[in-house]
Amino acid sequence: MVFKLTERRVFGFSVLILIFMRLVFDPDLAITYLAIAFGAFAIAQSDKFLTLKIESVVNRAKSVMLGIAGYGVFLLVSTFILPLLPLLGISVGETSFSINSVIELYAQTQPLLAGNLTLIFLAFGLLIPILETWGIGLILEGLKDFFKIPLDIKNPRTYVAAGIIAALTVFFHIQVRGIDINATTALATVFIFFFINVLIIVIEKQILGAIIMHIIANTVAVSVNKGFPVLSLTSPTSIILIGSLVVFLTLNRLPKITRS
């Protein structure tokens with residue numbers, strides 16, 4: 001029997017962890033994401049024609065590959081786009097950006113939390129990426145249905161939808177996550193990240209690959225905020241990327257099991 005990451009299972013897991021967080025970690029954060037979890041689950045259960053599910057087809061190797069690739073594309077694209085922001089009248093303070101500096105900028109969008117390191121990684125490295133990306137997938141579904149957008153990577157309207165969702169996530173990070181609106185360069189990395197994140201959903205036709213991309217990005221960001229080196233052979237960034245690649249290669253050698 002194939003274990004599929006259904007909306008019901010993800011919802012149950014999320015609620016249990018969030019209740020635990022509410023009791024011992026961060027009550028305000030837990031309440032916010034409990035609301036997101038219940039809202040996402042209600043929408044998913046009520047929409048009988050839902051097409052963008054967390055996992056429609058079980059092909060974990062492809063999902064891991066897309067997650068790693070999406071994060072890599074985010075880092076590379078950001079190094080080219082961020083230096084162009086002054087053309088839009090946005091001060092960036094630098095004339096060039098390396099992959100390390102992009103990682104550090106994205107890390108600025110994650111709260112500097114004190115407390116149990118395991119709980120911090122569980123919250124910001126796993127649970128929040130799952131719930132935020134699930135919500136993004138449902139917003140994309142809504143835009144697709146309302147504006148009759150064919151979700152095709154070659155369709156220009158797909159990129160408009162991705163831009164709208166990326167802008168909404170920037171607003172979310174400012175309002176809910178408490179990111180300083182003046183941190184324009186860091187917020188630009190949020191926009192770029194979620195723009196690509198939406199495209200990963202479009203490519204895979206499900207949400208799992210985008211969730212993996214988000215987990216990688218947030219885990220690396222939390223690692224940087226906790227003082228680990230950004231990129232070296234022993235850094236969390238390298239370990240996560242290499243580990244993900246090993247998982248992908250291992251899964252890719254297994255027989256593919258699919259189920260719609």
# chains A, B, ... in the order shown; residues from 1 in each chain; ligands from 1
$ closest_atom_pairs --of "region 81-127 of chain A" --to "region 195-211 of chain A" --cutoff "12 Å" --atoms "only C-alpha atoms" --output "tab-separated table"
residue	atom	partner	partner_atom	distance
A:Gly125	CA	A:Ile211	CA	10.6
A:Leu126	CA	A:Ile211	CA	8.9
A:Leu127	CA	A:Ile211	CA	9.9
$ select_by_dssp --residues "region 11-258 of chain A" --states "alpha helix (DSSP H)" --output "PyMOL selection string"
chain A and resi 11-24+27-46+60-81+99-107+117-120+128-147+156-175+184-204+208-225+236-252
$ closest_atom_pairs --of "region 113-162 of chain A" --to "region 2-17 of chain A" --cutoff "10 Å" --atoms "only C-alpha atoms" --output "JSON lines"
{"residue": "A:Leu119", "atom": "CA", "partner": "A:Ile17", "partner_atom": "CA", "distance": 9.8}
{"residue": "A:Leu122", "atom": "CA", "partner": "A:Ile17", "partner_atom": "CA", "distance": 8.7}
{"residue": "A:Ala123", "atom": "CA", "partner": "A:Ile17", "partner_atom": "CA", "distance": 8.5}
{"residue": "A:Leu126", "atom": "CA", "partner": "A:Ser14", "partner_atom": "CA", "distance": 9.9}
{"residue": "A:Leu127", "atom": "CA", "partner": "A:Ser14", "partner_atom": "CA", "distance": 6.7}
{"residue": "A:Ile128", "atom": "CA", "partner": "A:Ser14", "partner_atom": "CA", "distance": 9.1}
{"residue": "A:Ile130", "atom": "CA", "partner": "A:Val10", "partner_atom": "CA", "distance": 8.3}
{"residue": "A:Leu131", "atom": "CA", "partner": "A:Ser14", "partner_atom": "CA", "distance": 7.9}
{"residue": "A:Trp134", "atom": "CA", "partner": "A:Glu7", "partner_atom": "CA", "distance": 9.0}
$ closest_residue --among "A:Tyr159, A:Phe38, A:Phe124, A:Tyr106" --to "Met21 (chain A)" --atoms "only C-alpha atoms"
A:Phe124
$ residues_around --residues "Leu168 (chain A)" --least-positions-apart "5" --cutoff "9 Å" --atoms "only C-alpha atoms" --output "PyMOL selection string"
chain A and resi 163+173+191
$ closest_residue --among "A:Ser91, A:Thr51, A:Ser101, A:Thr189" --to "Ala167 (chain A)" --atoms "only C-alpha atoms"
A:Thr189
$ closest_atom_pairs --of "region 163-229 of chain A" --to "region 80-88 of chain A" --cutoff "12 Å" --atoms "only C-alpha atoms" --output "JSON lines"
{"residue": "A:Thr184", "atom": "CA", "partner": "A:Leu85", "partner_atom": "CA", "distance": 9.6}
{"residue": "A:Thr185", "atom": "CA", "partner": "A:Leu82", "partner_atom": "CA", "distance": 7.3}
{"residue": "A:Ala186", "atom": "CA", "partner": "A:Leu82", "partner_atom": "CA", "distance": 9.6}
{"residue": "A:Leu187", "atom": "CA", "partner": "A:Leu82", "partner_atom": "CA", "distance": 10.7}
{"residue": "A:Ala188", "atom": "CA", "partner": "A:Leu82", "partner_atom": "CA", "distance": 7.5}
{"residue": "A:Thr189", "atom": "CA", "partner": "A:Leu82", "partner_atom": "CA", "distance": 8.0}
{"residue": "A:Val190", "atom": "CA", "partner": "A:Leu82", "partner_atom": "CA", "distance": 11.5}
{"residue": "A:Phe191", "atom": "CA", "partner": "A:Leu82", "partner_atom": "CA", "distance": 11.0}
{"residue": "A:Ile192", "atom": "CA", "partner": "A:Ile81", "partner_atom": "CA", "distance": 8.7}
{"residue": "A:Phe193", "atom": "CA", "partner": "A:Ile81", "partner_atom": "CA", "distance": 11.7}
$ closest_residue --among "A:Gly89, A:Pro129, A:Pro27, A:Gly72" --to "Ile215 (chain A)" --atoms "only C-alpha atoms"
A:Pro129
$ closest_residue --among "A:Ala42, A:Val102, A:Ile149, A:Ile164" --to "Ile136 (chain A)" --atoms "only C-alpha atoms"
A:Ile164
$ closest_residue --among "A:Val222, A:Val176, A:Met213, A:Tyr71" --to "Ala30 (chain A)" --atoms "only C-alpha atoms"
A:Val176
$ decode --residues "region 104-191 of chain A" --atoms "C-alpha atoms" --output "PDB file, in the first residue's frame"
ATOM      1  CA  GLU A 104      21.938  35.523   4.204  1.00  0.00           C
ATOM      2  CA  LEU A 105      19.346  37.973   2.853  1.00  0.00           C
ATOM      3  CA  TYR A 106      16.638  35.320   2.781  1.00  0.00           C
ATOM      4  CA  ALA A 107      17.644  34.334   6.321  1.00  0.00           C
ATOM      5  CA  GLN A 108      16.770  37.886   7.418  1.00  0.00           C
ATOM      6  CA  THR A 109      13.121  37.099   6.662  1.00  0.00           C
ATOM      7  CA  GLN A 110      13.129  34.373   9.322  1.00  0.00           C
ATOM      8  CA  PRO A 111      12.696  35.494  12.969  1.00  0.00           C
ATOM      9  CA  LEU A 112      15.726  35.385  15.254  1.00  0.00           C
ATOM     10  CA  LEU A 113      14.265  33.027  17.849  1.00  0.00           C
ATOM     11  CA  ALA A 114      15.698  31.882  21.129  1.00  0.00           C
ATOM     12  CA  GLY A 115      14.807  28.597  22.750  1.00  0.00           C
ATOM     13  CA  ASN A 116      14.928  24.914  21.953  1.00  0.00           C
ATOM     14  CA  LEU A 117      16.779  24.427  18.664  1.00  0.00           C
ATOM     15  CA  THR A 118      14.785  21.303  17.775  1.00  0.00           C
ATOM     16  CA  LEU A 119      11.476  23.154  18.157  1.00  0.00           C
ATOM     17  CA  ILE A 120      12.749  26.073  16.095  1.00  0.00           C
ATOM     18  CA  PHE A 121      13.752  23.767  13.235  1.00  0.00           C
ATOM     19  CA  LEU A 122      10.486  21.836  13.560  1.00  0.00           C
ATOM     20  CA  ALA A 123       8.448  25.058  13.362  1.00  0.00           C
ATOM     21  CA  PHE A 124      10.329  27.107  10.769  1.00  0.00           C
ATOM     22  CA  GLY A 125      12.151  24.349   8.898  1.00  0.00           C
ATOM     23  CA  LEU A 126       9.258  21.925   8.503  1.00  0.00           C
ATOM     24  CA  LEU A 127       5.787  22.915   9.653  1.00  0.00           C
ATOM     25  CA  ILE A 128       5.611  26.505   8.391  1.00  0.00           C
ATOM     26  CA  PRO A 129       6.914  25.605   4.900  1.00  0.00           C
ATOM     27  CA  ILE A 130       4.280  22.855   4.656  1.00  0.00           C
ATOM     28  CA  LEU A 131       1.372  25.099   5.650  1.00  0.00           C
ATOM     29  CA  GLU A 132       2.480  28.198   3.727  1.00  0.00           C
ATOM     30  CA  THR A 133       3.093  26.241   0.528  1.00  0.00           C
ATOM     31  CA  TRP A 134      -0.202  24.386   0.899  1.00  0.00           C
ATOM     32  CA  GLY A 135      -1.936  27.747   1.197  1.00  0.00           C
ATOM     33  CA  ILE A 136      -0.103  29.061  -1.852  1.00  0.00           C
ATOM     34  CA  GLY A 137      -1.240  26.036  -3.848  1.00  0.00           C
ATOM     35  CA  LEU A 138      -4.856  26.712  -2.892  1.00  0.00           C
ATOM     36  CA  ILE A 139      -4.547  30.403  -3.834  1.00  0.00           C
ATOM     37  CA  LEU A 140      -3.135  29.331  -7.199  1.00  0.00           C
ATOM     38  CA  GLU A 141      -6.069  26.949  -7.599  1.00  0.00           C
ATOM     39  CA  GLY A 142      -8.464  29.807  -6.879  1.00  0.00           C
ATOM     40  CA  LEU A 143      -6.821  32.130  -9.405  1.00  0.00           C
ATOM     41  CA  LYS A 144      -6.819  29.329 -11.967  1.00  0.00           C
ATOM     42  CA  ASP A 145     -10.546  28.707 -11.530  1.00  0.00           C
ATOM     43  CA  PHE A 146     -11.668  32.331 -11.245  1.00  0.00           C
ATOM     44  CA  PHE A 147      -9.635  33.733 -14.155  1.00  0.00           C
ATOM     45  CA  LYS A 148      -9.673  30.519 -16.243  1.00  0.00           C
ATOM     46  CA  ILE A 149      -5.878  30.353 -16.304  1.00  0.00           C
ATOM     47  CA  PRO A 150      -4.464  27.197 -17.891  1.00  0.00           C
ATOM     48  CA  LEU A 151      -1.579  26.253 -15.609  1.00  0.00           C
ATOM     49  CA  ASP A 152       1.096  25.858 -18.243  1.00  0.00           C
ATOM     50  CA  ILE A 153       4.687  26.999 -17.806  1.00  0.00           C
ATOM     51  CA  LYS A 154       4.522  28.405 -21.362  1.00  0.00           C
ATOM     52  CA  ASN A 155       1.414  30.508 -20.705  1.00  0.00           C
ATOM     53  CA  PRO A 156       2.128  34.197 -19.857  1.00  0.00           C
ATOM     54  CA  ARG A 157      -0.881  34.332 -17.520  1.00  0.00           C
ATOM     55  CA  THR A 158       0.760  31.689 -15.349  1.00  0.00           C
ATOM     56  CA  TYR A 159       3.564  34.157 -14.632  1.00  0.00           C
ATOM     57  CA  VAL A 160       1.057  36.889 -13.810  1.00  0.00           C
ATOM     58  CA  ALA A 161      -0.565  34.539 -11.285  1.00  0.00           C
ATOM     59  CA  ALA A 162       2.866  33.700  -9.856  1.00  0.00           C
ATOM     60  CA  GLY A 163       3.628  37.416  -9.502  1.00  0.00           C
ATOM     61  CA  ILE A 164       0.338  38.077  -7.698  1.00  0.00           C
ATOM     62  CA  ILE A 165       0.936  35.233  -5.249  1.00  0.00           C
ATOM     63  CA  ALA A 166       4.557  36.272  -4.663  1.00  0.00           C
ATOM     64  CA  ALA A 167       3.398  39.822  -3.873  1.00  0.00           C
ATOM     65  CA  LEU A 168       0.810  38.443  -1.425  1.00  0.00           C
ATOM     66  CA  THR A 169       3.472  36.418   0.362  1.00  0.00           C
ATOM     67  CA  VAL A 170       5.651  39.527   0.720  1.00  0.00           C
ATOM     68  CA  PHE A 171       2.676  41.314   2.305  1.00  0.00           C
ATOM     69  CA  PHE A 172       2.128  38.271   4.559  1.00  0.00           C
ATOM     70  CA  HIS A 173       5.745  38.341   5.728  1.00  0.00           C
ATOM     71  CA  ILE A 174       5.449  42.046   6.536  1.00  0.00           C
ATOM     72  CA  GLN A 175       2.114  41.840   8.359  1.00  0.00           C
ATOM     73  CA  VAL A 176       2.188  38.433  10.021  1.00  0.00           C
ATOM     74  CA  ARG A 177       5.844  37.517  10.286  1.00  0.00           C
ATOM     75  CA  GLY A 178       6.842  41.027  11.364  1.00  0.00           C
ATOM     76  CA  ILE A 179       9.494  41.652   8.696  1.00  0.00           C
ATOM     77  CA  ASP A 180      10.564  45.300   8.450  1.00  0.00           C
ATOM     78  CA  ILE A 181       9.039  46.861   5.334  1.00  0.00           C
ATOM     79  CA  ASN A 182      12.284  48.839   4.897  1.00  0.00           C
ATOM     80  CA  ALA A 183      14.251  45.610   4.430  1.00  0.00           C
ATOM     81  CA  THR A 184      13.555  45.869   0.706  1.00  0.00           C
ATOM     82  CA  THR A 185      16.397  43.665  -0.504  1.00  0.00           C
ATOM     83  CA  ALA A 186      15.487  40.848   1.874  1.00  0.00           C
ATOM     84  CA  LEU A 187      11.821  41.148   0.880  1.00  0.00           C
ATOM     85  CA  ALA A 188      12.880  41.021  -2.771  1.00  0.00           C
ATOM     86  CA  THR A 189      14.352  37.574  -2.107  1.00  0.00           C
ATOM     87  CA  VAL A 190      10.967  36.553  -0.668  1.00  0.00           C
ATOM     88  CA  PHE A 191       9.231  37.698  -3.869  1.00  0.00           C
TER      89      PHE A 191
END
